[in-house]
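Content type mmCIF, C-alpha atoms, from the file work-v8.cif:
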```
data_start
#
loop_
_atom_site.group_PDB
_atom_site.id
_atom_site.type_symbol
_atom_site.label_atom_id
_atom_site.label_comp_id
_atom_site.auth_asym_id
_atom_site.auth_seq_id
_atom_site.Cartn_x
_atom_site.Cartn_y
_atom_site.Cartn_z
ATOM 1 C CA MET A 13 -9.370 7.611 -57.800
ATOM 2 C CA THR A 14 -6.868 8.352 -55.078
ATOM 3 C CA ARG A 15 -6.229 5.810 -52.383
ATOM 4 C CA ALA A 16 -7.557 6.609 -48.898
ATOM 5 C CA ARG A 17 -4.771 6.477 -46.365
ATOM 6 C CA SER A 18 -5.056 6.369 -42.588
ATOM 7 C CA GLY A 19 -1.869 8.304 -41.901
ATOM 8 C CA LYS A 20 -3.379 10.940 -39.638
ATOM 9 C CA THR A 21 -5.227 8.412 -37.473
ATOM 10 C CA VAL A 22 -2.188 6.180 -37.062
ATOM 11 C CA MET A 23 0.102 9.081 -36.260
ATOM 12 C CA ARG A 24 -2.393 10.463 -33.735
ATOM 13 C CA SER A 25 -2.546 7.149 -31.852
ATOM 14 C CA ARG A 26 1.251 6.839 -31.912
ATOM 15 C CA LYS A 27 1.609 10.390 -30.629
ATOM 16 C CA ARG A 28 -0.783 9.578 -27.787
ATOM 17 C CA LEU A 29 1.234 6.418 -27.028
ATOM 18 C CA ARG A 30 4.506 8.376 -26.950
ATOM 19 C CA LYS A 31 2.962 10.827 -24.508
ATOM 20 C CA LEU A 32 1.953 7.968 -22.197
ATOM 21 C CA THR A 33 5.388 6.331 -22.329
ATOM 22 C CA LYS A 34 7.279 9.525 -21.527
ATOM 23 C CA GLY A 35 10.053 8.748 -19.081
ATOM 24 C CA PHE A 36 10.482 5.117 -20.129
ATOM 25 C CA ARG A 37 14.060 4.098 -20.871
ATOM 26 C CA LEU A 38 15.719 3.406 -24.234
ATOM 27 C CA SER A 39 13.469 2.035 -26.967
ATOM 28 C CA ARG A 40 10.554 1.515 -24.597
ATOM 29 C CA HIS A 41 9.386 5.060 -25.305
ATOM 30 C CA ASN A 42 10.369 5.207 -28.970
ATOM 31 C CA LEU A 43 9.369 1.962 -30.667
ATOM 32 C CA VAL A 44 5.632 1.507 -31.003
ATOM 33 C CA ARG A 45 5.364 -2.239 -30.462
ATOM 34 C CA GLN A 46 7.704 -2.266 -27.485
ATOM 35 C CA SER A 47 6.157 0.809 -25.887
ATOM 36 C CA GLU A 48 2.650 -0.717 -26.112
ATOM 37 C CA ILE A 49 3.829 -3.895 -24.373
ATOM 38 C CA THR A 50 5.666 -1.919 -21.689
ATOM 39 C CA LEU A 51 2.643 0.303 -21.090
ATOM 40 C CA ILE A 52 0.338 -2.712 -20.676
ATOM 41 C CA ARG A 53 2.763 -4.371 -18.283
ATOM 42 C CA GLY A 54 3.164 -1.151 -16.291
ATOM 43 C CA ARG A 55 -0.585 -0.834 -15.905
ATOM 44 C CA VAL A 56 -0.811 -4.457 -14.745
ATOM 45 C CA TYR A 57 1.799 -3.753 -12.069
ATOM 46 C CA ALA A 58 -0.024 -0.583 -11.029
ATOM 47 C CA PHE A 59 -3.314 -2.477 -10.672
ATOM 48 C CA ARG A 60 -1.664 -5.236 -8.632
ATOM 49 C CA ASP A 61 0.384 -2.937 -6.448
ATOM 50 C CA ARG A 62 -2.565 -0.780 -5.435
ATOM 51 C CA ARG A 63 -3.672 -3.834 -3.464
ATOM 52 C CA VAL A 64 -0.163 -4.756 -2.301
ATOM 53 C CA ARG A 65 0.315 -1.238 -0.886
ATOM 54 C CA LYS A 66 -2.591 -1.818 1.509
ATOM 55 C CA ARG A 67 -0.987 -5.053 2.756
ATOM 56 C CA ASP A 68 2.395 -3.392 3.166
ATOM 57 C CA PHE A 69 0.995 -0.542 5.240
ATOM 58 C CA ARG A 70 -0.924 -2.924 7.492
ATOM 59 C CA LYS A 71 2.313 -4.892 8.062
ATOM 60 C CA LEU A 72 4.165 -1.665 8.883
ATOM 61 C CA TRP A 73 1.500 -0.592 11.401
ATOM 62 C CA ILE A 74 1.583 -3.993 13.101
ATOM 63 C CA ILE A 75 5.393 -3.865 13.360
ATOM 64 C CA ARG A 76 5.275 -0.373 14.903
ATOM 65 C CA VAL A 77 2.564 -1.294 17.411
ATOM 66 C CA ASN A 78 4.382 -4.505 18.349
ATOM 67 C CA ALA A 79 7.642 -2.614 18.961
ATOM 68 C CA ALA A 80 5.861 -0.033 21.125
ATOM 69 C CA CYS A 81 4.074 -2.797 23.069
ATOM 70 C CA ARG A 82 7.247 -4.759 23.749
ATOM 71 C CA MET A 83 8.939 -1.613 25.087
ATOM 72 C CA ARG A 84 6.150 -1.519 27.666
ATOM 73 C CA GLY A 85 6.254 -5.227 28.506
ATOM 74 C CA LEU A 86 3.310 -6.572 26.482
ATOM 75 C CA ARG A 87 3.039 -8.513 23.237
ATOM 76 C CA TYR A 88 1.094 -7.278 20.216
ATOM 77 C CA SER A 89 -1.327 -10.209 20.301
ATOM 78 C CA GLU A 90 -2.071 -9.568 23.992
ATOM 79 C CA LEU A 91 -2.751 -5.894 23.239
ATOM 80 C CA ILE A 92 -5.216 -6.736 20.470
ATOM 81 C CA TYR A 93 -6.858 -9.414 22.649
ATOM 82 C CA GLY A 94 -7.195 -6.986 25.570
ATOM 83 C CA LEU A 95 -8.588 -4.219 23.364
ATOM 84 C CA HIS A 96 -11.097 -6.658 21.913
ATOM 85 C CA HIS A 97 -12.310 -7.592 25.406
ATOM 86 C CA ALA A 98 -12.382 -3.912 26.446
ATOM 87 C CA GLN A 99 -14.528 -3.253 23.339
ATOM 88 C CA VAL A 100 -12.131 -0.588 22.088
ATOM 89 C CA GLU A 101 -12.420 -0.235 18.327
ATOM 90 C CA LEU A 102 -9.087 1.339 17.394
ATOM 91 C CA ASP A 103 -7.613 0.113 14.144
ATOM 92 C CA ARG A 104 -3.942 -0.683 13.594
ATOM 93 C CA LYS A 105 -3.325 2.570 11.716
ATOM 94 C CA THR A 106 -4.570 4.643 14.647
ATOM 95 C CA LEU A 107 -2.651 2.550 17.172
ATOM 96 C CA ALA A 108 0.571 2.939 15.174
ATOM 97 C CA ASP A 109 0.013 6.689 14.921
ATOM 98 C CA LEU A 110 -0.518 6.899 18.676
ATOM 99 C CA ALA A 111 2.587 4.805 19.336
ATOM 100 C CA VAL A 112 4.761 7.106 17.220
ATOM 101 C CA HIS A 113 3.317 10.566 17.867
ATOM 102 C CA ASP A 114 1.626 10.330 21.276
ATOM 103 C CA PRO A 115 3.370 7.725 23.466
ATOM 104 C CA ASP A 116 1.512 8.785 26.639
ATOM 105 C CA ALA A 117 -1.889 8.119 25.080
ATOM 106 C CA PHE A 118 -0.609 4.809 23.717
ATOM 107 C CA THR A 119 0.529 3.825 27.216
ATOM 108 C CA LYS A 120 -2.967 4.561 28.540
ATOM 109 C CA VAL A 121 -4.518 2.408 25.797
ATOM 110 C CA LEU A 122 -2.037 -0.343 26.654
ATOM 111 C CA GLU A 123 -2.917 -0.184 30.353
ATOM 112 C CA LEU A 124 -6.604 -0.431 29.461
ATOM 113 C CA ALA A 125 -5.916 -3.530 27.366
ATOM 114 C CA ARG A 126 -3.762 -5.005 30.134
ATOM 115 C CA ALA A 127 -6.602 -4.488 32.661
ATOM 116 C CA HIS A 128 -8.992 -6.463 30.452
ATOM 117 C CA LEU A 129 -6.667 -9.424 29.959
ATOM 118 C CA PRO A 130 -7.462 -12.672 31.805
ATOM 119 C CA ALA A 131 -5.356 -13.241 34.941
ATOM 120 C CA ALA A 132 -3.218 -16.008 33.379
ATOM 121 C CA ALA A 133 -2.228 -13.893 30.370
ATOM 122 C CA ALA A 134 -1.568 -10.727 32.397
ATOM 123 C CA SER A 135 0.866 -12.434 34.784
ATOM 124 C CA ALA A 136 2.854 -14.280 32.093
#
```

So, in terms of structure tokens, how does the structure I just supplied come out?
Amino acid sequence: MTRARSGKTVMRSRKRLRKLTKGFRLSRHNLVRQSEITLIRGRVYAFRDRRVRKRDFRKLWIIRVNAACRMRGLRYSELIYGLHHAQVELDRKTLADLAVHDPDAFTKVLELARAHLPAAAASA
């Protein structure tokens, strides 16, 4: 009786692994054990960084809006506070886009927020 070997199955899974690790450096795409570990770690980073990307973009939008506000003599927190009281529901992404691509519209939004600030905050 001949011995049953699993050569085809093993080679198929290794071929699939090599295809997934294409572009990895040195032995990380050649050696099976190392490429599996690298692939797992890469997927962990990808999972984590999909969430981190959202945080990074929100930070970027806030920085852009704050810079545009300060050029017009208002702080970011005062803008958000004024917009909240004016019941304007623009998110940070939209505000940052306005600040970069349509400064006139952003100035109008800023004036609206400034008009809805309490007297003590507007004069300071």

Spatial neighbours of A:Ala127, max dist 10 Å, all atoms listed in the file, sep filter under 6 positions, as a ChimeraX atom specification: /A:94-95,97-98,121,134

Apply the PyMOL selection byres ((chain A and resi 93) around 12) to the file shown and report the selected residues as a PDB file with C-alpha atoms, keeping the file's coordinate frame.
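Written output follows (expr-v5.pdb):
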```pdb
ATOM      1  CA  LEU A  86       3.310  -6.572  26.482  1.00  0.00           C
ATOM      2  CA  ARG A  87       3.039  -8.513  23.237  1.00  0.00           C
ATOM      3  CA  TYR A  88       1.094  -7.278  20.216  1.00  0.00           C
ATOM      4  CA  SER A  89      -1.327 -10.209  20.301  1.00  0.00           C
ATOM      5  CA  GLU A  90      -2.071  -9.568  23.992  1.00  0.00           C
ATOM      6  CA  LEU A  91      -2.751  -5.894  23.239  1.00  0.00           C
ATOM      7  CA  ILE A  92      -5.216  -6.736  20.470  1.00  0.00           C
ATOM      8  CA  GLY A  94      -7.195  -6.986  25.570  1.00  0.00           C
ATOM      9  CA  LEU A  95      -8.588  -4.219  23.364  1.00  0.00           C
ATOM     10  CA  HIS A  96     -11.097  -6.658  21.913  1.00  0.00           C
ATOM     11  CA  HIS A  97     -12.310  -7.592  25.406  1.00  0.00           C
ATOM     12  CA  ALA A  98     -12.382  -3.912  26.446  1.00  0.00           C
ATOM     13  CA  GLN A  99     -14.528  -3.253  23.339  1.00  0.00           C
ATOM     14  CA  VAL A 100     -12.131  -0.588  22.088  1.00  0.00           C
ATOM     15  CA  GLU A 101     -12.420  -0.235  18.327  1.00  0.00           C
ATOM     16  CA  LEU A 122      -2.037  -0.343  26.654  1.00  0.00           C
ATOM     17  CA  LEU A 124      -6.604  -0.431  29.461  1.00  0.00           C
ATOM     18  CA  ALA A 125      -5.916  -3.530  27.366  1.00  0.00           C
ATOM     19  CA  ARG A 126      -3.762  -5.005  30.134  1.00  0.00           C
ATOM     20  CA  ALA A 127      -6.602  -4.488  32.661  1.00  0.00           C
ATOM     21  CA  HIS A 128      -8.992  -6.463  30.452  1.00  0.00           C
ATOM     22  CA  LEU A 129      -6.667  -9.424  29.959  1.00  0.00           C
ATOM     23  CA  PRO A 130      -7.462 -12.672  31.805  1.00  0.00           C
ATOM     24  CA  ALA A 133      -2.228 -13.893  30.370  1.00  0.00           C
ATOM     25  CA  ALA A 134      -1.568 -10.727  32.397  1.00  0.00           C
TER      26      ALA A 134
END
```

Item checked: Selection near stretch 107-111 of chain A, 8 Å with all atoms listed in the file, sequence-local residues under 5 positions removed, as an NGL selection string -> :A and (73-74 or 76-77 or 80 or 102 or 117-118)

Take every atom of stretch 36-41 of chain A listed in the file, fit an axis-aligned box around them, add 4 Å per side, and give the centre and edge lengths in Å to one decimal as JSON.
```
{"center_x": 12.6, "center_y": 3.3, "center_z": -23.5, "size_x": 14.3, "size_y": 11.6, "size_z": 14.8}
```

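Note that atom CA of A:Tyr57 and atom CA of A:Thr33 are 14.8 Å apart.
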
Restricting to only C-alpha atoms, whichever of A:Arg84, A:Ala58, A:Ala131, A:Ser25 is closest to A:Asp116 is A:Arg84

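Restricting the calculation to all atoms listed in the file, the smallest distance between A:Arg70 and any of A:Glu123, A:Glu48, A:Asp114, A:Asp103 is found for A:Asp103.
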
Between atom CA of A:Thr50 and atom CA of A:Phe36 lies a distance of 8.7 Å

> Out of A:Gly54, A:Lys105, A:Val112, A:Lys66, which residue has the shortest atom-to-atom distance to A:Ala79 when counting only C-alpha atoms?
Replying inline: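 Closest residue, counting only C-alpha atoms: A:Val112.
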
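Put simply, atom CA of A:Ile52 is 28.9 Å away from atom CA of A:Lys71.
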
- Do a neighbour search on A:Leu51 at 12 Å with all atoms listed in the file, toss out local chain neighbours closer than 4 positions, and write the hits as a ChimeraX atom specification. /A:28-36,40-41,43-47,55-58
